[in-house]
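Novice: Below is the file structure-v2.pdb, with PDB, C-alpha atoms.
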```pdb
ATOM      1  CA  MET A  83      24.010  17.140  -9.774
ATOM      2  CA  ALA A  84      24.825  13.473  -9.273
ATOM      3  CA  SER A  85      24.346  10.982 -12.095
ATOM      4  CA  TYR A  86      21.958   8.042 -12.143
ATOM      5  CA  ARG A  87      24.892   5.687 -11.575
ATOM      6  CA  GLY A  88      26.174   7.863  -8.733
ATOM      7  CA  HIS A  89      22.850   7.623  -6.911
ATOM      8  CA  LEU A  90      22.819   3.869  -7.428
ATOM      9  CA  MET A  91      26.333   3.548  -6.025
ATOM     10  CA  LEU A  92      25.149   5.324  -2.863
ATOM     11  CA  SER A  93      21.714   3.773  -2.418
ATOM     12  CA  ALA A  94      22.833   0.160  -2.967
ATOM     13  CA  PRO A  95      25.311   0.032  -0.028
ATOM     14  CA  LEU A  96      22.875   2.053   2.049
ATOM     15  CA  GLY A  97      20.190  -0.507   1.235
ATOM     16  CA  ALA A  98      22.468  -3.360   2.286
ATOM     17  CA  ALA A  99      23.094  -1.625   5.623
ATOM     18  CA  TYR A 100      19.392  -0.919   6.140
ATOM     19  CA  GLY A 101      18.471  -4.483   5.263
ATOM     20  CA  ALA A 102      20.849  -5.696   7.945
ATOM     21  CA  VAL A 103      18.840  -3.694  10.514
ATOM     22  CA  ALA A 104      16.107  -6.332  10.180
ATOM     23  CA  LEU A 105      18.484  -8.805  11.824
ATOM     24  CA  MET A 106      17.742  -7.013  15.103
ATOM     25  CA  ARG A 107      14.223  -8.445  15.026
ATOM     26  CA  PRO A 108      14.327 -12.250  15.466
ATOM     27  CA  GLU A 109      10.878 -12.706  13.897
ATOM     28  CA  PHE A 110      12.123 -11.325  10.575
ATOM     29  CA  ASP A 111      13.564 -13.879   8.170
ATOM     30  CA  TRP A 112      15.650 -13.202   5.072
ATOM     31  CA  GLY A 113      12.604 -11.941   3.138
ATOM     32  CA  PRO A 114      12.244  -8.569   4.908
ATOM     33  CA  ILE A 115      16.014  -8.147   4.817
ATOM     34  CA  VAL A 116      16.143  -8.478   1.039
ATOM     35  CA  LEU A 117      12.968  -6.432   0.570
ATOM     36  CA  GLY A 118      14.160  -3.640   2.851
ATOM     37  CA  ALA A 119      17.495  -3.476   1.053
ATOM     38  CA  GLY A 120      15.799  -3.448  -2.338
ATOM     39  CA  LEU A 121      13.297  -0.738  -1.430
ATOM     40  CA  THR A 122      16.045   1.456  -0.020
ATOM     41  CA  THR A 123      18.028   1.040  -3.226
ATOM     42  CA  VAL A 124      15.018   1.824  -5.414
ATOM     43  CA  GLY A 125      14.090   4.739  -3.149
ATOM     44  CA  GLY A 126      17.478   6.254  -3.870
ATOM     45  CA  LEU A 127      16.556   6.336  -7.556
ATOM     46  CA  LEU A 128      12.906   7.438  -7.319
ATOM     47  CA  PRO A 129      13.499  11.218  -7.564
ATOM     48  CA  ASP A 130      14.899  10.594 -11.056
ATOM     49  CA  LEU A 131      11.360   9.813 -12.219
ATOM     50  CA  ASP A 132      11.116  13.477 -13.209
ATOM     51  CA  SER A 133      14.404  13.299 -15.098
ATOM     52  CA  ASP A 134      14.650  14.637 -18.625
ATOM     53  CA  SER A 135      16.617  11.523 -19.594
ATOM     54  CA  GLY A 136      14.651   8.543 -20.851
ATOM     55  CA  VAL A 137      16.780   5.823 -19.249
ATOM     56  CA  PRO A 138      15.977   6.455 -15.545
ATOM     57  CA  VAL A 139      12.289   6.952 -16.276
ATOM     58  CA  ARG A 140      12.058   3.790 -18.373
ATOM     59  CA  GLU A 141      13.870   1.609 -15.847
ATOM     60  CA  LEU A 142      12.125   3.004 -12.782
ATOM     61  CA  PHE A 143       8.624   2.749 -14.195
ATOM     62  CA  GLY A 144       9.450  -0.784 -15.274
ATOM     63  CA  LEU A 145      10.377  -1.599 -11.666
ATOM     64  CA  LEU A 146       7.280   0.146 -10.299
ATOM     65  CA  ALA A 147       5.018  -1.700 -12.717
ATOM     66  CA  ALA A 148       6.560  -5.043 -11.762
ATOM     67  CA  ALA A 149       6.232  -4.230  -8.046
ATOM     68  CA  ALA A 150       2.578  -3.236  -8.467
ATOM     69  CA  VAL A 151       1.834  -6.501 -10.268
ATOM     70  CA  ALA A 152       3.507  -8.504  -7.499
ATOM     71  CA  VAL A 153       1.472  -6.698  -4.831
ATOM     72  CA  LEU A 154      -1.784  -7.215  -6.762
ATOM     73  CA  PHE A 155      -1.503 -10.981  -7.085
ATOM     74  CA  HIS A 156      -2.351 -11.951  -3.498
ATOM     75  CA  PRO A 157      -5.407  -9.647  -3.080
ATOM     76  CA  LEU A 158      -6.815 -10.754  -6.431
ATOM     77  CA  ARG A 159      -6.513 -14.422  -5.511
ATOM     78  CA  GLU A 160      -8.011 -13.780  -2.072
ATOM     79  CA  ARG A 161     -11.096 -12.301  -3.738
ATOM     80  CA  GLY A 162     -11.630 -15.621  -5.478
ATOM     81  CA  LEU A 163     -10.626 -14.462  -8.943
ATOM     82  CA  PRO A 164      -9.588 -17.370 -11.214
ATOM     83  CA  LEU A 165      -5.903 -17.542 -11.988
ATOM     84  CA  GLU A 166      -6.375 -16.618 -15.640
ATOM     85  CA  GLN A 167      -8.439 -13.532 -14.794
ATOM     86  CA  ALA A 168      -5.952 -12.483 -12.112
ATOM     87  CA  LEU A 169      -3.121 -12.758 -14.616
ATOM     88  CA  GLY A 170      -5.119 -10.688 -17.093
ATOM     89  CA  VAL A 171      -5.722  -7.924 -14.549
ATOM     90  CA  MET A 172      -2.060  -7.949 -13.612
ATOM     91  CA  ALA A 173      -1.019  -7.684 -17.259
ATOM     92  CA  ILE A 174      -3.346  -4.714 -17.794
ATOM     93  CA  ALA A 175      -2.010  -3.043 -14.647
ATOM     94  CA  TYR A 176       1.574  -3.529 -15.820
ATOM     95  CA  VAL A 177       0.906  -1.976 -19.231
ATOM     96  CA  LEU A 178      -0.997   0.962 -17.741
ATOM     97  CA  ILE A 179       1.721   1.800 -15.228
ATOM     98  CA  ARG A 180       4.633   1.075 -17.542
ATOM     99  CA  TYR A 181       3.361   3.200 -20.430
ATOM    100  CA  ALA A 182       0.225   5.276 -19.696
ATOM    101  CA  VAL A 183       1.140   6.402 -16.167
ATOM    102  CA  ALA A 184       4.769   6.950 -17.175
ATOM    103  CA  ASP A 185       3.761   9.162 -20.094
ATOM    104  CA  PHE A 186       1.295  11.122 -17.941
ATOM    105  CA  PHE A 187       3.926  11.592 -15.233
ATOM    106  CA  ARG A 188       6.434  12.945 -17.740
ATOM    107  CA  ARG A 189       3.892  15.465 -18.980
ATOM    108  CA  ILE A 190       2.912  16.892 -15.576
ATOM    109  CA  THR A 191       6.352  16.990 -13.910
ATOM    110  CA  VAL A 192       9.439  19.098 -14.446
ATOM    111  CA  HIS A 193      12.970  18.174 -13.476
ATOM    112  CA  ARG A 194      13.833  19.235  -9.930
ATOM    113  CA  GLY A 195      10.190  20.116  -9.282
ATOM    114  CA  MET A 196       8.113  19.028  -6.278
ATOM    115  CA  PHE A 197       9.021  15.407  -6.850
ATOM    116  CA  HIS A 198      12.515  16.419  -5.728
ATOM    117  CA  SER A 199      11.338  17.466  -2.265
ATOM    118  CA  LEU A 200      10.911  16.301   1.299
ATOM    119  CA  PRO A 201       7.092  16.081   1.031
ATOM    120  CA  ALA A 202       7.555  13.740  -1.955
ATOM    121  CA  MET A 203       9.824  11.601   0.229
ATOM    122  CA  LEU A 204       7.023  11.272   2.799
ATOM    123  CA  ILE A 205       4.519  10.441   0.058
ATOM    124  CA  GLY A 206       6.743   7.617  -1.155
ATOM    125  CA  GLY A 207       6.943   6.164   2.346
ATOM    126  CA  LEU A 208       3.198   6.452   2.890
ATOM    127  CA  ILE A 209       2.424   4.694  -0.393
ATOM    128  CA  VAL A 210       4.587   1.734   0.613
ATOM    129  CA  TYR A 211       3.068   1.690   4.110
ATOM    130  CA  LEU A 212      -0.511   1.734   2.789
ATOM    131  CA  CYS A 213      -0.057  -0.629  -0.161
ATOM    132  CA  TYR A 214       2.073  -3.372   1.339
ATOM    133  CA  PRO A 215      -0.291  -6.306   1.965
ATOM    134  CA  SER A 216       0.609  -7.227   5.533
ATOM    135  CA  PRO A 217      -1.118  -6.736   8.922
ATOM    136  CA  ASP A 218       2.300  -6.357  10.578
ATOM    137  CA  ILE A 219       2.593  -2.611  11.213
ATOM    138  CA  VAL A 220       6.241  -2.906  12.255
ATOM    139  CA  LEU A 221       7.141  -4.534   8.946
ATOM    140  CA  ARG A 222       5.230  -1.906   6.987
ATOM    141  CA  LEU A 223       6.952   0.899   8.880
ATOM    142  CA  TYR A 224      10.311  -0.750   8.279
ATOM    143  CA  LEU A 225       9.741  -0.984   4.534
ATOM    144  CA  ALA A 226       8.366   2.552   4.332
ATOM    145  CA  GLY A 227      11.413   3.784   6.233
ATOM    146  CA  GLY A 228      13.678   2.091   3.689
ATOM    147  CA  VAL A 229      12.063   3.916   0.775
ATOM    148  CA  MET A 230      12.278   7.256   2.583
ATOM    149  CA  LEU A 231      15.906   6.682   3.583
ATOM    150  CA  GLY A 232      16.875   5.941  -0.012
ATOM    151  CA  PHE A 233      14.862   8.922  -1.255
ATOM    152  CA  LEU A 234      16.571  11.180   1.282
ATOM    153  CA  SER A 235      20.007   9.949   0.216
ATOM    154  CA  HIS A 236      19.211  11.045  -3.335
ATOM    155  CA  LEU A 237      18.199  14.530  -2.223
ATOM    156  CA  VAL A 238      21.236  14.942   0.042
ATOM    157  CA  LEU A 239      23.631  13.773  -2.680
ATOM    158  CA  ASP A 240      22.094  16.196  -5.163
ATOM    159  CA  GLU A 241      22.571  19.060  -2.720
ATOM    160  CA  PHE A 242      26.123  17.962  -1.971
ATOM    161  CA  CYS A 243      26.940  17.926  -5.687
ATOM    162  CA  ALA A 244      25.555  21.454  -5.974
ATOM    163  CA  VAL A 245      28.459  22.716  -3.862
ATOM    164  CA  ASP A 246      31.761  23.462  -5.567
ATOM    165  CA  PHE A 247      34.563  22.757  -3.085
ATOM    166  CA  MET A 248      37.337  23.641  -5.555
ATOM    167  CA  GLY A 249      39.439  26.636  -4.678
ATOM    168  CA  LEU A 250      39.576  28.668  -1.495
ATOM    169  CA  SER A 251      35.873  29.485  -1.335
ATOM    170  CA  ILE A 252      32.771  27.317  -1.427
ATOM    171  CA  ARG A 253      30.460  28.148  -4.300
ATOM    172  CA  LEU A 254      26.944  26.963  -5.102
ATOM    173  CA  ASN A 255      25.808  26.135  -8.602
ATOM    174  CA  LYS A 256      22.369  26.741 -10.123
ATOM    175  CA  PHE A 257      20.956  23.477  -8.670
ATOM    176  CA  ALA A 258      21.668  24.428  -5.043
ATOM    177  CA  GLY A 259      18.570  24.274  -2.860
ATOM    178  CA  SER A 260      16.489  22.492  -5.512
ATOM    179  CA  ALA A 261      16.442  19.070  -3.818
ATOM    180  CA  LEU A 262      16.048  19.448  -0.043
ATOM    181  CA  LYS A 263      13.023  21.713  -0.189
ATOM    182  CA  PHE A 264       9.469  21.909   1.129
ATOM    183  CA  GLY A 265       7.953  23.838  -1.784
ATOM    184  CA  SER A 266       8.546  25.011  -5.328
ATOM    185  CA  PRO A 267       7.896  28.216  -7.292
ATOM    186  CA  SER A 268       4.854  26.490  -8.798
ATOM    187  CA  TYR A 269       1.997  27.002  -6.362
ATOM    188  CA  PRO A 270      -0.330  24.444  -8.015
ATOM    189  CA  ALA A 271       2.387  21.762  -7.824
ATOM    190  CA  THR A 272       3.124  22.583  -4.193
ATOM    191  CA  ILE A 273      -0.547  22.603  -3.188
ATOM    192  CA  ALA A 274      -1.205  19.333  -5.037
ATOM    193  CA  THR A 275       1.779  17.667  -3.358
ATOM    194  CA  TYR A 276       0.665  18.674   0.123
ATOM    195  CA  ALA A 277      -2.921  17.647  -0.656
ATOM    196  CA  ILE A 278      -1.712  14.159  -1.635
ATOM    197  CA  LEU A 279       0.460  14.032   1.488
ATOM    198  CA  PHE A 280      -2.475  15.015   3.704
ATOM    199  CA  VAL A 281      -4.831  12.437   2.179
ATOM    200  CA  LEU A 282      -2.293   9.599   2.415
ATOM    201  CA  GLY A 283      -1.388  10.641   5.951
ATOM    202  CA  TYR A 284      -5.047  10.580   6.938
ATOM    203  CA  PHE A 285      -5.535   7.075   5.540
ATOM    204  CA  ALA A 286      -2.382   5.871   7.274
ATOM    205  CA  TRP A 287      -3.444   7.367  10.610
ATOM    206  CA  SER A 288      -7.060   6.208  10.424
ATOM    207  CA  GLY A 289      -5.898   2.677   9.676
ATOM    208  CA  SER A 290      -3.384   2.589  12.513
ATOM    209  CA  PRO A 291      -3.899   0.311  15.525
ATOM    210  CA  ASP A 292      -5.495   1.628  18.687
ATOM    211  CA  TRP A 293      -2.203   2.050  20.547
ATOM    212  CA  ALA A 294      -0.917   4.425  17.854
ATOM    213  CA  THR A 295      -4.015   6.622  17.624
ATOM    214  CA  GLN A 296      -4.267   6.862  21.423
ATOM    215  CA  VAL A 297      -0.702   8.108  21.859
ATOM    216  CA  PRO A 298      -1.583  11.857  21.802
ATOM    217  CA  ALA A 299      -4.229  11.343  24.490
ATOM    218  CA  ALA A 300      -1.732   9.404  26.594
ATOM    219  CA  TRP A 301       0.784  12.264  26.300
ATOM    220  CA  LYS A 302      -1.725  14.668  27.840
ATOM    221  CA  GLN A 303      -2.123  12.390  30.863
ATOM    222  CA  ILE A 304       1.597  11.938  31.486
ATOM    223  CA  GLY A 305       2.411  15.484  32.610
ATOM    224  CA  TRP A 306       5.847  16.774  33.493
ATOM    225  CA  PRO A 307       8.023  14.430  35.580
ATOM    226  CA  LYS A 308       8.849  17.237  38.009
ATOM    227  CA  ALA A 309       5.207  18.053  38.583
ATOM    228  CA  GLN A 310       4.436  14.384  39.152
ATOM    229  CA  GLY A 311       7.286  14.129  41.660
ATOM    230  CA  GLN A 312       5.942  17.111  43.565
ATOM    231  CA  ALA A 313       2.458  15.653  43.548
ATOM    232  CA  ARG A 314       3.712  12.430  45.122
ATOM    233  CA  GLN A 315       5.256  14.383  48.012
ATOM    234  CA  VAL A 316       1.954  15.940  48.989
ATOM    235  CA  PRO A 317       0.479  13.955  51.914
TER     236      PRO A 317
END
```
Spit out the file's structure as structure tokens when you get a sec.

Specialist:
Amino acid sequence: MASYRGHLMLSAPLGAAYGAVALMRPEFDWGPIVLGAGLTTVGGLLPDLDSDSGVPVRELFGLLAAAAVAVLFHPLRERGLPLEQALGVMAIAYVLIRYAVADFFRRITVHRGMFHSLPAMLIGGLIVYLCYPSPDIVLRLYLAGGVMLGFLSHLVLDEFCAVDFMGLSIRLNKFAGSALKFGSPSYPATIATYAILFVLGYFAWSGSPDWATQVPAAWKQIGWPKAQGQARQVP
């Protein structure tokens, strides 16, 4: 399996490339570019949250706690909370995520469990999409895509490192197939992961704009191009 530094060396350049994609949209300034690059880089490290090593877990939960505090500030101020109270809530949130949530996560996860899976990748993207405080759906999709791209790079690199290319034959080590997966031997973990994915997906879909929720109905009205062409020829 790849090391923490190895994943960082892959996700950082990938994040820079993904951030540059925002240049294709003239309404995006340098903020989304930097944010997209950063989220892609962090996404490439997220699967290490279930690592047995203390360093990745400590650093990643520190980043997640700081990101949660940054996201909380604007909604708290919009609700009319005084600055001192908002800062107090943010401090409590940071401590809870940094220590309590981190400890709970370590207790309920195992290395290369369901957090190292494709459904977990989708959950990460949905969390960013739902939590980012912006009405711009394109921006939220862009940022969610960055997290999922980084997450996917981690899984692919882990699978690539599970293949031994030395010698005349290709051999797989014990970690092969443990990253790019849709389920795990633990049925409760698999069911819980898909339940979270379903709930987040429902919230994302129900909060989508009208044009997105009406797409399936529009597909039914389109029909096959050939059939439409024949229908036009009928006098």

Novice: List the neighbours of Leu92 in chain A out to 10 Å using all atoms listed in the file; skip same-chain residues closer than 3 positions along the sequence, and give me the result as a list of chain:residue names.

Specialist: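 In the requested form, the answer reads A:Arg87, A:Gly88, A:His89, A:Pro95, A:Leu96, A:Gly97, A:Thr123, A:Gly126, A:Leu127, A:Gly232, A:Ser235, A:His236, A:Leu239.
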
Novice: Just the residues within 12 Å of Ala173 in chain A, please, counting all atoms listed in the file, with nothing from its chain fewer than 2 positions along; format it as a ChimeraX atom specification.

Specialist: /A:147-148,150-152,154-155,166-171,175-180

Novice: Just say which residues the PyMOL selection byres ((chain A and resi 208) around 12) picks in this file, as a ChimeraX atom specification.

Specialist: /A:201-207,209-214,222-230,278-287,289

Novice: Provide the CA of Val220 in chain A to CA of Trp112 in chain A distance in Å, to one decimal place.

Specialist: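 Spanning CA of Val220 in chain A to CA of Trp112 in chain A is a straight-line distance of 15.7 Å.
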
Novice: Can you tell me how far CA of Pro267 in chain A sits from CA of Glu241 in chain A, in Å to one decimal?

Specialist: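 So the two atoms, CA of Pro267 in chain A and CA of Glu241 in chain A, lie 17.9 Å apart.
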
Novice: Report, in Å with one decimal, the straight-line distance from CA of Ala104 in chain A to CA of Leu90 in chain A.

Specialist: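 One can read the CA of Ala104 in chain A to CA of Leu90 in chain A distance as 21.4 Å.
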
Novice: Of the candidates A:Leu165, A:Leu131, A:Val124, A:Val103, which one gets nearest to Val192 in chain A if we count all atoms listed in the file?

Specialist: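 Using all atoms listed in the file, Val192 in chain A sits closest to A:Leu131.
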
Novice: I'd like to know which of A:Pro157, A:Ile115, A:Tyr100, A:Phe143 is closest to Ser216 in chain A, using all atoms listed in the file.

Specialist: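 Residue with the minimum atom-to-atom distance to Ser216 in chain A: A:Pro157.
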
Novice: Given the choices A:Phe242, A:Thr191, A:Leu146, A:Asp111, which gets closest to Leu128 in chain A if the distance is worked out from only C-alpha atoms?

Specialist: A:Leu146

Novice: Evaluating the PyMOL selection byres ((chain A and resi 265) around 12) on the displayed file yields which residues, as a ChimeraX atom specification?

Specialist: /A:194-202,259-264,266-276

Novice: How would the residues just picked look written out with C-alpha atoms as a PDB file, in the coordinates of the input?

Specialist:
```pdb
ATOM      1  CA  ARG A 194      13.833  19.235  -9.930  1.00  0.00           C
ATOM      2  CA  GLY A 195      10.190  20.116  -9.282  1.00  0.00           C
ATOM      3  CA  MET A 196       8.113  19.028  -6.278  1.00  0.00           C
ATOM      4  CA  PHE A 197       9.021  15.407  -6.850  1.00  0.00           C
ATOM      5  CA  HIS A 198      12.515  16.419  -5.728  1.00  0.00           C
ATOM      6  CA  SER A 199      11.338  17.466  -2.265  1.00  0.00           C
ATOM      7  CA  LEU A 200      10.911  16.301   1.299  1.00  0.00           C
ATOM      8  CA  PRO A 201       7.092  16.081   1.031  1.00  0.00           C
ATOM      9  CA  ALA A 202       7.555  13.740  -1.955  1.00  0.00           C
ATOM     10  CA  GLY A 259      18.570  24.274  -2.860  1.00  0.00           C
ATOM     11  CA  SER A 260      16.489  22.492  -5.512  1.00  0.00           C
ATOM     12  CA  ALA A 261      16.442  19.070  -3.818  1.00  0.00           C
ATOM     13  CA  LEU A 262      16.048  19.448  -0.043  1.00  0.00           C
ATOM     14  CA  LYS A 263      13.023  21.713  -0.189  1.00  0.00           C
ATOM     15  CA  PHE A 264       9.469  21.909   1.129  1.00  0.00           C
ATOM     16  CA  SER A 266       8.546  25.011  -5.328  1.00  0.00           C
ATOM     17  CA  PRO A 267       7.896  28.216  -7.292  1.00  0.00           C
ATOM     18  CA  SER A 268       4.854  26.490  -8.798  1.00  0.00           C
ATOM     19  CA  TYR A 269       1.997  27.002  -6.362  1.00  0.00           C
ATOM     20  CA  PRO A 270      -0.330  24.444  -8.015  1.00  0.00           C
ATOM     21  CA  ALA A 271       2.387  21.762  -7.824  1.00  0.00           C
ATOM     22  CA  THR A 272       3.124  22.583  -4.193  1.00  0.00           C
ATOM     23  CA  ILE A 273      -0.547  22.603  -3.188  1.00  0.00           C
ATOM     24  CA  ALA A 274      -1.205  19.333  -5.037  1.00  0.00           C
ATOM     25  CA  THR A 275       1.779  17.667  -3.358  1.00  0.00           C
ATOM     26  CA  TYR A 276       0.665  18.674   0.123  1.00  0.00           C
TER      27      TYR A 276
END
```

Novice: Which one of A:Leu163, A:Val139, A:Ile174, A:Leu158 sits closest to Arg188 in chain A if you count all atoms listed in the file?

Specialist: A:Val139

Novice: Centre and edge lengths of an axis-aligned box around all listed atoms of range 120-135 of chain A, with 4 Å added on each side, are to be given in Å to one decimal, as JSON.

Specialist:
```
{"center_x": 14.6, "center_y": 5.6, "center_z": -9.8, "size_x": 14.9, "size_y": 26.1, "size_z": 27.6}
```
